[in-house]
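coords_23.csv follows (CSV, C-alpha atoms):
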```csv
chain,number,residue,atom,x,y,z
A,198,MET,CA,0.0,0.0,0.0
A,199,GLY,CA,1.5,3.4,-1.0
A,200,ASP,CA,1.4,6.3,1.3
A,201,PRO,CA,-0.3,9.6,0.4
A,202,ASN,CA,2.7,11.5,1.8
A,203,GLY,CA,5.1,9.8,-0.6
A,204,ARG,CA,7.0,7.9,2.1
A,205,PRO,CA,7.5,4.2,1.7
A,206,ALA,CA,4.7,1.9,3.0
A,207,GLY,CA,5.5,0.4,6.4
A,208,CYS,CA,4.9,0.7,10.0
A,209,ALA,CA,6.2,2.1,13.3
A,210,LEU,CA,7.4,0.3,16.4
A,211,VAL,CA,7.3,1.9,19.8
A,212,THR,CA,8.9,0.0,22.7
A,213,GLY,CA,7.4,0.4,26.1
A,214,ALA,CA,4.1,1.7,24.7
A,215,SER,CA,1.5,0.4,27.1
A,216,ARG,CA,1.3,3.7,29.0
A,217,GLY,CA,2.8,7.1,29.6
A,218,ILE,CA,5.1,8.6,27.0
A,219,GLY,CA,5.2,5.5,24.9
A,220,ALA,CA,1.5,5.2,24.6
A,221,ALA,CA,1.2,8.9,23.7
A,222,ILE,CA,3.8,8.4,21.0
A,223,ALA,CA,2.0,5.3,19.6
A,224,ARG,CA,-1.3,7.2,19.4
A,225,GLY,CA,0.4,10.2,17.8
A,226,LEU,CA,2.2,8.2,15.1
A,227,ALA,CA,-1.1,6.4,14.4
A,228,GLU,CA,-2.7,9.8,13.9
A,229,ASP,CA,0.1,10.5,11.4
A,230,GLY,CA,-1.0,7.5,9.4
A,231,TRP,CA,1.5,4.8,10.7
A,232,ALA,CA,0.4,1.4,11.6
A,233,VAL,CA,2.0,0.9,15.0
A,234,GLY,CA,3.5,-1.9,17.0
A,235,VAL,CA,2.7,-1.4,20.6
A,236,ASN,CA,5.3,-3.2,22.6
A,237,TYR,CA,4.8,-4.0,26.3
A,238,ARG,CA,6.5,-6.1,28.9
A,239,LYS,CA,3.9,-6.9,31.4
A,240,ASP,CA,0.9,-4.5,31.0
A,241,SER,CA,-1.1,-6.3,28.4
A,242,GLU,CA,-4.3,-4.5,29.4
A,243,GLY,CA,-2.6,-1.1,28.9
A,244,ALA,CA,-1.2,-2.1,25.5
A,245,GLU,CA,-4.6,-3.5,24.3
A,246,ARG,CA,-6.2,-0.3,25.4
A,247,VAL,CA,-3.8,1.7,23.2
A,248,VAL,CA,-4.4,-0.6,20.3
A,249,GLU,CA,-8.2,-0.2,20.7
A,250,GLU,CA,-7.8,3.6,20.8
A,251,ILE,CA,-5.8,3.5,17.6
A,252,GLU,CA,-8.2,1.1,15.9
A,253,SER,CA,-11.2,3.1,16.9
A,254,GLY,CA,-9.7,6.1,15.2
A,255,GLY,CA,-9.3,4.0,12.0
A,256,GLY,CA,-5.6,3.1,12.4
A,257,GLY,CA,-3.8,-0.2,12.6
A,258,ALA,CA,-2.0,-1.4,15.6
A,259,LEU,CA,-0.7,-4.6,17.2
A,260,ALA,CA,0.2,-5.2,20.8
A,261,ILE,CA,3.4,-7.3,21.1
A,262,GLN,CA,4.8,-8.7,24.3
A,263,ALA,CA,8.5,-8.7,24.7
A,264,ASP,CA,11.0,-7.8,27.3
A,265,VAL,CA,13.5,-5.6,25.3
A,266,SER,CA,16.3,-6.5,27.7
A,267,ASP,CA,16.1,-10.0,26.3
A,268,PRO,CA,18.5,-10.2,23.3
A,269,ALA,CA,15.9,-12.3,21.4
A,270,ALA,CA,13.2,-9.5,21.7
A,271,ALA,CA,14.3,-7.5,18.7
A,272,ASP,CA,13.7,-10.3,16.2
A,273,LYS,CA,10.5,-11.2,17.8
A,274,LEU,CA,9.1,-7.7,17.6
A,275,PHE,CA,10.3,-7.0,14.0
A,276,THR,CA,9.1,-10.4,12.7
A,277,ALA,CA,5.7,-9.9,14.1
A,278,LEU,CA,5.3,-6.5,12.7
A,279,GLU,CA,6.8,-7.3,9.3
A,280,GLU,CA,4.3,-10.2,8.9
A,281,ARG,CA,1.3,-7.9,9.9
A,282,PHE,CA,2.2,-4.5,8.5
A,283,GLY,CA,5.4,-4.7,6.4
A,284,SER,CA,8.7,-3.0,7.0
A,285,VAL,CA,9.4,-1.2,10.2
A,286,LEU,CA,10.4,2.3,9.0
A,287,VAL,CA,9.9,4.2,12.3
A,288,LEU,CA,11.5,2.9,15.5
A,289,VAL,CA,11.0,4.7,18.8
A,290,ASN,CA,13.2,3.3,21.5
A,291,ASN,CA,11.1,4.4,24.5
A,292,ALA,CA,11.2,1.4,26.9
A,293,GLY,CA,13.1,2.4,30.0
A,294,MET,CA,13.5,1.8,33.7
A,295,ARG,CA,15.0,3.3,36.8
A,296,ALA,CA,16.7,1.7,39.7
A,297,ASP,CA,17.9,4.7,41.7
A,298,GLY,CA,20.6,4.8,44.4
A,299,LEU,CA,23.7,6.7,45.3
A,300,SER,CA,26.7,5.2,43.5
A,301,PRO,CA,28.6,4.0,46.7
A,302,GLN,CA,25.6,1.7,47.3
A,303,LEU,CA,24.4,0.9,43.8
A,304,GLU,CA,24.3,-2.9,43.2
A,305,ASP,CA,25.7,-4.5,40.1
A,306,ASP,CA,22.3,-5.8,39.3
A,307,ALA,CA,20.7,-2.3,39.4
A,308,TRP,CA,23.5,-1.0,37.1
A,309,ASP,CA,23.2,-3.9,34.7
A,310,ARG,CA,19.4,-4.0,34.4
A,311,VAL,CA,19.2,-0.2,33.7
A,312,LEU,CA,22.0,-0.3,31.1
A,313,GLU,CA,20.5,-3.4,29.5
A,314,THR,CA,17.0,-2.0,29.2
A,315,ASN,CA,17.8,1.6,28.4
A,316,LEU,CA,20.8,1.3,26.2
A,317,SER,CA,21.7,-2.2,25.0
A,318,ALA,CA,18.1,-2.9,24.0
A,319,ALA,CA,18.0,0.2,21.9
A,320,PHE,CA,21.2,-0.9,20.2
A,321,ARG,CA,19.7,-4.2,19.3
A,322,THR,CA,16.4,-2.9,18.0
A,323,THR,CA,18.2,-0.2,16.0
A,324,ARG,CA,20.6,-2.7,14.5
A,325,ARG,CA,17.7,-4.8,13.4
A,326,ALA,CA,15.8,-1.8,12.1
A,327,LEU,CA,18.6,-0.4,10.0
A,328,ARG,CA,18.8,-3.5,7.8
A,329,THR,CA,15.5,-2.7,6.3
A,330,MET,CA,15.7,1.1,6.6
A,331,MET,CA,19.0,1.2,4.6
A,332,ARG,CA,17.5,-0.9,1.8
A,333,GLU,CA,14.3,1.2,1.8
A,334,ARG,CA,16.3,4.4,1.7
A,335,PHE,CA,14.0,5.7,4.4
A,336,GLY,CA,14.0,5.4,8.1
A,337,ARG,CA,13.4,7.2,11.3
A,338,VAL,CA,14.9,6.1,14.6
A,339,VAL,CA,14.0,8.2,17.7
A,340,ASN,CA,15.6,7.4,21.0
A,341,ILE,CA,14.0,8.6,24.2
A,342,ALA,CA,16.8,9.9,26.3
A,343,SER,CA,16.6,12.2,29.3
A,344,VAL,CA,17.9,15.5,30.5
A,345,VAL,CA,19.6,13.4,33.1
A,346,GLY,CA,21.9,12.2,30.3
A,347,GLN,CA,23.0,15.8,29.9
A,348,ARG,CA,23.0,17.1,33.4
A,349,ALA,CA,23.8,15.5,36.8
A,350,ASN,CA,21.1,14.1,39.0
A,351,PRO,CA,22.5,12.5,42.1
A,352,GLY,CA,21.1,9.0,42.7
A,353,GLN,CA,20.8,8.2,39.1
A,354,ALA,CA,24.3,7.3,37.9
A,355,ASN,CA,23.1,4.2,36.2
A,356,TYR,CA,20.1,5.9,34.5
A,357,ALA,CA,22.3,8.9,33.6
A,358,ALA,CA,25.0,6.7,32.1
A,359,SER,CA,22.4,4.8,30.0
A,360,LYS,CA,20.8,8.0,28.7
A,361,ALA,CA,24.1,9.7,28.0
A,362,GLY,CA,25.1,6.6,26.2
A,363,LEU,CA,21.9,6.7,24.2
A,364,ILE,CA,22.6,10.3,23.1
A,365,ALA,CA,26.2,9.4,22.0
A,366,PHE,CA,24.8,6.2,20.3
A,367,THR,CA,22.2,8.4,18.5
A,368,SER,CA,24.7,10.9,17.0
A,369,THR,CA,27.2,8.2,16.0
A,370,VAL,CA,24.6,5.9,14.2
A,371,ALA,CA,23.1,9.0,12.5
A,372,ALA,CA,26.5,9.8,11.0
A,373,GLU,CA,26.9,6.2,9.8
A,374,VAL,CA,23.6,5.9,7.9
A,375,ALA,CA,22.7,9.4,6.9
A,376,ARG,CA,23.6,8.7,3.3
A,377,ARG,CA,20.7,6.2,3.1
A,378,SER,CA,18.2,8.9,4.1
A,379,VAL,CA,17.8,7.3,7.5
A,380,THR,CA,17.7,9.7,10.5
A,381,VAL,CA,18.6,8.9,14.0
A,382,ASN,CA,17.6,11.5,16.7
A,383,ALA,CA,16.9,11.6,20.4
A,384,VAL,CA,14.4,13.4,22.5
A,385,ALA,CA,15.5,14.3,26.0
A,386,PRO,CA,12.5,14.9,28.3
A,387,GLY,CA,12.8,16.7,31.6
A,388,LEU,CA,10.2,16.1,34.2
A,389,VAL,CA,7.1,14.5,32.6
A,390,ASP,CA,4.0,13.5,34.4
A,391,THR,CA,4.0,9.7,34.2
A,392,ASP,CA,4.1,6.7,36.4
A,393,LEU,CA,7.9,6.7,36.2
A,394,THR,CA,8.1,10.1,37.8
A,395,GLU,CA,5.2,10.0,40.3
A,396,ASP,CA,7.6,9.6,43.3
A,397,ILE,CA,9.4,12.8,42.4
A,398,GLY,CA,8.4,15.6,44.7
A,399,ASP,CA,6.9,19.0,43.8
A,400,GLU,CA,10.2,20.6,45.0
A,401,LEU,CA,11.7,20.0,41.6
A,402,LEU,CA,9.0,22.1,39.9
A,403,LYS,CA,10.8,25.2,41.3
A,404,ALA,CA,13.8,24.4,39.1
A,405,ILE,CA,11.6,24.4,36.0
A,406,PRO,CA,11.0,27.8,34.4
A,407,ALA,CA,7.7,26.6,33.1
A,408,ARG,CA,6.7,25.7,36.8
A,409,ARG,CA,5.0,22.5,35.7
A,410,ALA,CA,5.8,19.0,34.6
A,411,GLY,CA,5.5,18.3,30.9
A,412,THR,CA,2.9,15.9,29.5
A,413,ALA,CA,3.4,12.8,27.5
A,414,GLU,CA,1.7,14.4,24.6
A,415,GLU,CA,4.2,17.2,24.6
A,416,VAL,CA,7.0,14.7,24.3
A,417,ALA,CA,5.1,12.7,21.7
A,418,ALA,CA,4.7,15.9,19.5
A,419,CYS,CA,8.5,16.1,19.2
A,420,VAL,CA,8.8,12.4,18.3
A,421,ARG,CA,6.1,12.9,15.7
A,422,PHE,CA,8.1,15.7,14.1
A,423,LEU,CA,11.3,13.8,14.1
A,424,ALA,CA,9.5,10.8,12.5
A,425,SER,CA,8.0,13.0,9.8
A,426,GLN,CA,9.0,13.6,6.2
A,427,GLU,CA,9.5,17.3,7.2
A,428,ALA,CA,12.4,16.3,9.5
A,429,SER,CA,14.4,14.7,6.8
A,430,TYR,CA,17.4,17.0,7.3
A,431,VAL,CA,17.4,16.7,11.1
A,432,ASN,CA,19.9,14.1,12.0
A,433,GLY,CA,22.0,13.1,15.0
A,434,THR,CA,20.5,15.7,17.3
A,435,THR,CA,18.9,15.6,20.7
A,436,LEU,CA,15.8,17.6,21.2
A,437,THR,CA,15.3,18.7,24.8
A,438,VAL,CA,11.8,18.9,26.1
A,439,ASP,CA,12.0,20.2,29.6
A,440,GLY,CA,10.1,23.4,30.1
A,441,GLY,CA,13.4,25.3,30.1
A,442,MET,CA,14.9,23.4,33.0
A,443,THR,CA,18.3,23.0,31.3
A,444,ALA,CA,18.2,26.3,29.5
B,10,MET,CA,19.2,-21.3,-0.8
B,11,PRO,CA,19.1,-21.5,-4.6
B,12,THR,CA,22.4,-22.3,-6.3
B,13,ALA,CA,23.9,-19.5,-8.3
B,14,ASN,CA,26.7,-19.3,-10.8
B,15,LYS,CA,29.4,-16.6,-11.0
B,16,GLU,CA,27.6,-14.7,-13.8
B,17,GLN,CA,24.4,-14.5,-11.8
B,18,ILE,CA,26.3,-13.3,-8.7
B,19,GLU,CA,28.3,-10.8,-10.6
B,20,GLY,CA,25.1,-9.5,-12.2
B,21,ARG,CA,23.4,-9.1,-8.8
B,22,MET,CA,26.5,-7.4,-7.3
B,23,THR,CA,26.7,-5.1,-10.3
B,24,ASP,CA,23.1,-4.0,-9.8
B,25,ALA,CA,23.8,-3.5,-6.1
B,26,LEU,CA,26.9,-1.5,-6.6
B,27,GLU,CA,25.2,0.7,-9.2
B,28,SER,CA,22.4,1.4,-6.7
B,29,PHE,CA,25.1,2.6,-4.3
B,30,GLY,CA,26.2,5.2,-6.9
B,31,ALA,CA,29.0,3.4,-8.8
B,32,ASP,CA,29.3,3.9,-12.5
B,33,ARG,CA,28.0,0.7,-14.2
B,34,ASP,CA,30.6,0.9,-16.9
B,35,GLN,CA,33.4,0.9,-14.3
B,36,ILE,CA,32.1,-2.2,-12.5
B,37,LYS,CA,34.5,-4.9,-13.7
B,38,ARG,CA,36.0,-7.9,-11.9
B,39,ASP,CA,39.3,-6.1,-11.3
B,40,ALA,CA,37.7,-2.9,-10.1
B,41,THR,CA,38.6,-2.0,-6.5
B,42,TRP,CA,36.0,-0.6,-4.1
B,43,GLU,CA,38.0,2.5,-3.9
B,44,SER,CA,38.0,3.0,-7.6
B,45,LEU,CA,34.2,2.6,-7.6
B,46,ASP,CA,33.8,5.0,-4.6
B,47,VAL,CA,32.2,2.2,-2.6
B,48,ASP,CA,32.6,2.8,1.1
B,49,SER,CA,32.2,0.7,4.3
B,50,LEU,CA,28.5,1.4,4.5
B,51,ASP,CA,28.0,0.2,1.0
B,52,LEU,CA,29.9,-3.0,1.8
B,53,VAL,CA,27.7,-3.6,4.8
B,54,GLU,CA,24.6,-3.4,2.6
B,55,LEU,CA,26.3,-5.6,0.0
B,56,ALA,CA,27.0,-8.2,2.7
B,57,GLN,CA,23.3,-8.0,3.7
B,58,ILE,CA,22.1,-8.6,0.2
B,59,VAL,CA,24.5,-11.5,-0.3
B,60,GLU,CA,23.3,-13.1,3.0
B,61,GLU,CA,19.7,-12.7,2.2
B,62,GLU,CA,19.9,-13.9,-1.4
B,63,TYR,CA,22.6,-16.5,-1.3
B,64,GLY,CA,22.8,-17.4,2.3
B,65,VAL,CA,26.5,-16.5,2.5
B,66,LYS,CA,27.8,-14.5,5.4
B,67,MET,CA,30.4,-11.9,4.7
B,68,LYS,CA,31.9,-11.0,8.0
B,69,GLU,CA,33.9,-7.9,8.6
B,70,GLU,CA,37.2,-9.8,8.6
B,71,ASP,CA,36.2,-11.4,5.3
B,72,MET,CA,35.4,-8.0,3.8
B,73,LYS,CA,38.8,-6.7,4.6
B,74,GLU,CA,40.4,-9.4,2.4
B,75,LEU,CA,38.1,-8.7,-0.5
B,76,LYS,CA,39.6,-5.8,-2.4
B,77,THR,CA,37.9,-6.1,-5.8
B,78,VAL,CA,34.5,-7.0,-7.3
B,79,GLY,CA,36.0,-10.3,-8.6
B,80,ASP,CA,37.2,-11.2,-5.1
B,81,ALA,CA,33.7,-10.7,-3.7
B,82,VAL,CA,32.1,-12.7,-6.5
B,83,ASP,CA,34.5,-15.6,-6.1
B,84,PHE,CA,34.0,-15.5,-2.3
B,85,VAL,CA,30.2,-15.8,-2.6
B,86,ALA,CA,30.3,-18.3,-5.5
B,87,GLU,CA,32.5,-20.7,-3.5
B,88,ARG,CA,30.3,-20.6,-0.5
B,89,ALA,CA,27.0,-20.5,-2.2
B,90,ASP,CA,27.8,-23.8,-3.9
B,91,SER,CA,29.0,-25.6,-0.7
```
This structure in structure tokens:
Amino acid sequence: MGDPNGRPAGCALVTGASRGIGAAIARGLAEDGWAVGVNYRKDSEGAERVVEEIESGGGGALAIQADVSDPAAADKLFTALEERFGSVLVLVNNAGMRADGLSPQLEDDAWDRVLETNLSAAFRTTRRALRTMMRERFGRVVNIASVVGQRANPGQANYAASKAGLIAFTSTVAAEVARRSVTVNAVAPGLVDTDLTEDIGDELLKAIPARRAGTAEEVAACVRFLASQEASYVNGTTLTVDGGMTA
Amino acid sequence: MPTANKEQIEGRMTDALESFGADRDQIKRDATWESLDVDSLDLVELAQIVEEEYGVKMKEEDMKELKTVGDAVDFVAERADS
């Protein structure tokens, strides 16, 4: 099936899309005409809800269970989507986790799990995605980083390292594949009102010029732009979405 | 995987190299990647095509030994038949 916007026919995959920012991104990309793979690890109800919302709006979506920290997950996700919707031409690496603690007490397991989920998994899905994107001469990879990858936040050494790594990974891969009309960019949210941040106190709001947390939809809007045809010359960059917190 | 002769493999590689921007008239067996302006990303994609269509893996260390179009054609032909 061709696309009215002139882009190749295919679909989008959003990891960690059963709720929060990932769900908002999945809904947004569906509004932009992409069939969407809604990946989830445990929250099947949330993922099915996102799929129903997309389908009720006339879009196509498929909920796919996979723990992205499992090295076999990338193939499972892409194979399922390729069979249902064709090539994956938009990949949003959103799945992430926190396991906070001050460095002197941070356990190896907390370090490893966060790096594996937030960084290594994004490498594996991106590697899998690029095979098709390079051949199609079109592709959009958007990695969901964090302002914590750019600025210190005590208690999150593992999370910060994973997100800083994701930003460096983004720019490097972008430079590698730009000639194939594939873009690789990152979005770095600040404080966004989601389940992942519900334990963060209101005190932090004073450090945000906008004096409020962002919404998942505000982050999703940036991803939608980076995934669009209009963003074809934006490559290797990190778009910060933080209400001015790091300005 | 289907068996393939050298001519078929060379034809497929010529198509691929042309799609990367190489001048078709310059794509000969003794042409080097450098002379065709074929870079490392092109070779990665060529390896992907070869693996998908002939079931032959061209690893990075293999690629370093393959200096010309003919080298690559022979490499694939030998392994596609085995």
Compute the chain B side of the contact with chain A at 9 Å, counting all atoms listed in the file, and hand it back as a PDB file with C-alpha atoms, in the coordinates of the input.
```pdb
ATOM      1  CA  LEU B  50      28.500   1.400   4.500  1.00  0.00           C
ATOM      2  CA  GLU B  54      24.600  -3.400   2.600  1.00  0.00           C
ATOM      3  CA  GLN B  57      23.300  -8.000   3.700  1.00  0.00           C
TER       4      GLN B  57
END
```
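The neighbours of A:Ala258 here are the residues that come within 9 Å of it, using only C-alpha atoms and leaving out any residue fewer than 2 positions away in the same chain; they are Ala223, Ala227, Trp231, Ala232, Val233, Gly234, Val235, Val247, Val248, Glu249, Ile251, Glu252, Gly256, Ala260 and Phe282 of chain A.
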Handout entry: Neighbour list for B:Glu87 as a PyMOL selection string, cut-off 10 Å, all atoms listed in the file, skip fewer than 5 positions in-chain
Key = chain B and resi 13-15+65+82
Problem - Shell of 8 Å around B:Ala31, all atoms listed in the file, local chain residues under 4 positions omitted, as a PyMOL selection string - result: chain B and resi 26-27+35-36+45-47
Practice task
Provide the atom CA of A:Arg325 to atom CA of A:Val420 distance in Å, to one decimal place.
Solution key: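 Atom CA of A:Val420 lies at a distance of 20.0 Å from atom CA of A:Arg325.
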Problem - Length of the atom CA of B:Thr23 to atom CA of B:Lys68 vector [Å] - result: 19.9 Å
Handout entry: Point-to-point distance from atom CA of A:Cys208 to atom CA of A:Thr367, Å rounded to tenths
Key = 20.8 Å
Practice task
Give me the residues within 10 Å of B:Leu75 as number ranges by chain, counting all atoms listed in the file and dropping any in the same chain fewer than 5 places off.
Solution key: B: 41-42, 67, 70, 80-84
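Residues in contact with A:Thr394 at 12 Å, where only C-alpha atoms are counted and same-chain residues fewer than 2 positions away are skipped, are listed as Gly217, Ile218, Met294, Arg295, Asp297, Pro386, Gly387, Leu388, Val389, Asp390, Thr391, Asp392, Asp396, Ile397, Gly398, Asp399, Leu401, Ala410, Gly411, Thr412 and Ala413 of chain A.
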Suppose we keep C-alpha atoms; can you now write the selection as a CSV table (one decimal), in the coordinates of the input?
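As a result, result_38.csv now contains:
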```csv
chain,number,residue,atom,x,y,z
A,217,GLY,CA,2.8,7.1,29.6
A,218,ILE,CA,5.1,8.6,27.0
A,294,MET,CA,13.5,1.8,33.7
A,295,ARG,CA,15.0,3.3,36.8
A,297,ASP,CA,17.9,4.7,41.7
A,386,PRO,CA,12.5,14.9,28.3
A,387,GLY,CA,12.8,16.7,31.6
A,388,LEU,CA,10.2,16.1,34.2
A,389,VAL,CA,7.1,14.5,32.6
A,390,ASP,CA,4.0,13.5,34.4
A,391,THR,CA,4.0,9.7,34.2
A,392,ASP,CA,4.1,6.7,36.4
A,396,ASP,CA,7.6,9.6,43.3
A,397,ILE,CA,9.4,12.8,42.4
A,398,GLY,CA,8.4,15.6,44.7
A,399,ASP,CA,6.9,19.0,43.8
A,401,LEU,CA,11.7,20.0,41.6
A,410,ALA,CA,5.8,19.0,34.6
A,411,GLY,CA,5.5,18.3,30.9
A,412,THR,CA,2.9,15.9,29.5
A,413,ALA,CA,3.4,12.8,27.5
```
Atom completion result for stretch 25-41 of chain B (N, CA and C atoms) as a compact mmCIF listing (two decimals), keeping the file's coordinate frame:
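Now in result_4.txt:
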```
# COMPACT_ATOMS: atom_id res chain seq x y z
N ALA B 25 23.67 -4.04 -7.41
CA ALA B 25 23.80 -3.50 -6.10
C ALA B 25 24.74 -2.30 -6.04
N LEU B 26 25.90 -2.51 -6.65
CA LEU B 26 26.90 -1.50 -6.60
C LEU B 26 26.44 -0.22 -7.38
N GLU B 27 25.72 -0.46 -8.47
CA GLU B 27 25.20 0.70 -9.20
C GLU B 27 24.17 1.45 -8.34
N SER B 28 23.38 0.70 -7.57
CA SER B 28 22.40 1.40 -6.70
C SER B 28 23.10 2.19 -5.61
N PHE B 29 24.36 1.85 -5.29
CA PHE B 29 25.10 2.60 -4.30
C PHE B 29 25.72 3.88 -4.92
N GLY B 30 25.65 3.96 -6.24
CA GLY B 30 26.20 5.20 -6.90
C GLY B 30 27.36 4.91 -7.81
N ALA B 31 27.82 3.65 -7.90
CA ALA B 31 29.00 3.40 -8.80
C ALA B 31 28.55 3.44 -10.24
N ASP B 32 29.49 3.84 -11.07
CA ASP B 32 29.30 3.90 -12.50
C ASP B 32 29.26 2.51 -13.09
N ARG B 33 28.14 2.10 -13.69
CA ARG B 33 28.00 0.70 -14.20
C ARG B 33 29.13 0.31 -15.12
N ASP B 34 29.55 1.26 -15.96
CA ASP B 34 30.60 0.90 -16.90
C ASP B 34 31.95 0.64 -16.25
N GLN B 35 32.10 1.13 -15.05
CA GLN B 35 33.40 0.90 -14.30
C GLN B 35 33.37 -0.35 -13.49
N ILE B 36 32.21 -1.00 -13.37
CA ILE B 36 32.10 -2.20 -12.50
C ILE B 36 32.59 -3.41 -13.25
N LYS B 37 33.88 -3.70 -13.07
CA LYS B 37 34.50 -4.90 -13.70
C LYS B 37 35.07 -5.76 -12.58
N ARG B 38 35.43 -6.97 -12.94
CA ARG B 38 36.00 -7.90 -11.90
C ARG B 38 37.19 -7.35 -11.21
N ASP B 39 38.02 -6.61 -11.94
CA ASP B 39 39.30 -6.10 -11.30
C ASP B 39 39.10 -4.74 -10.69
N ALA B 40 37.90 -4.22 -10.70
CA ALA B 40 37.70 -2.90 -10.10
C ALA B 40 37.75 -2.97 -8.58
N THR B 41 38.49 -2.06 -7.98
CA THR B 41 38.60 -2.00 -6.50
C THR B 41 37.38 -1.20 -5.98
```
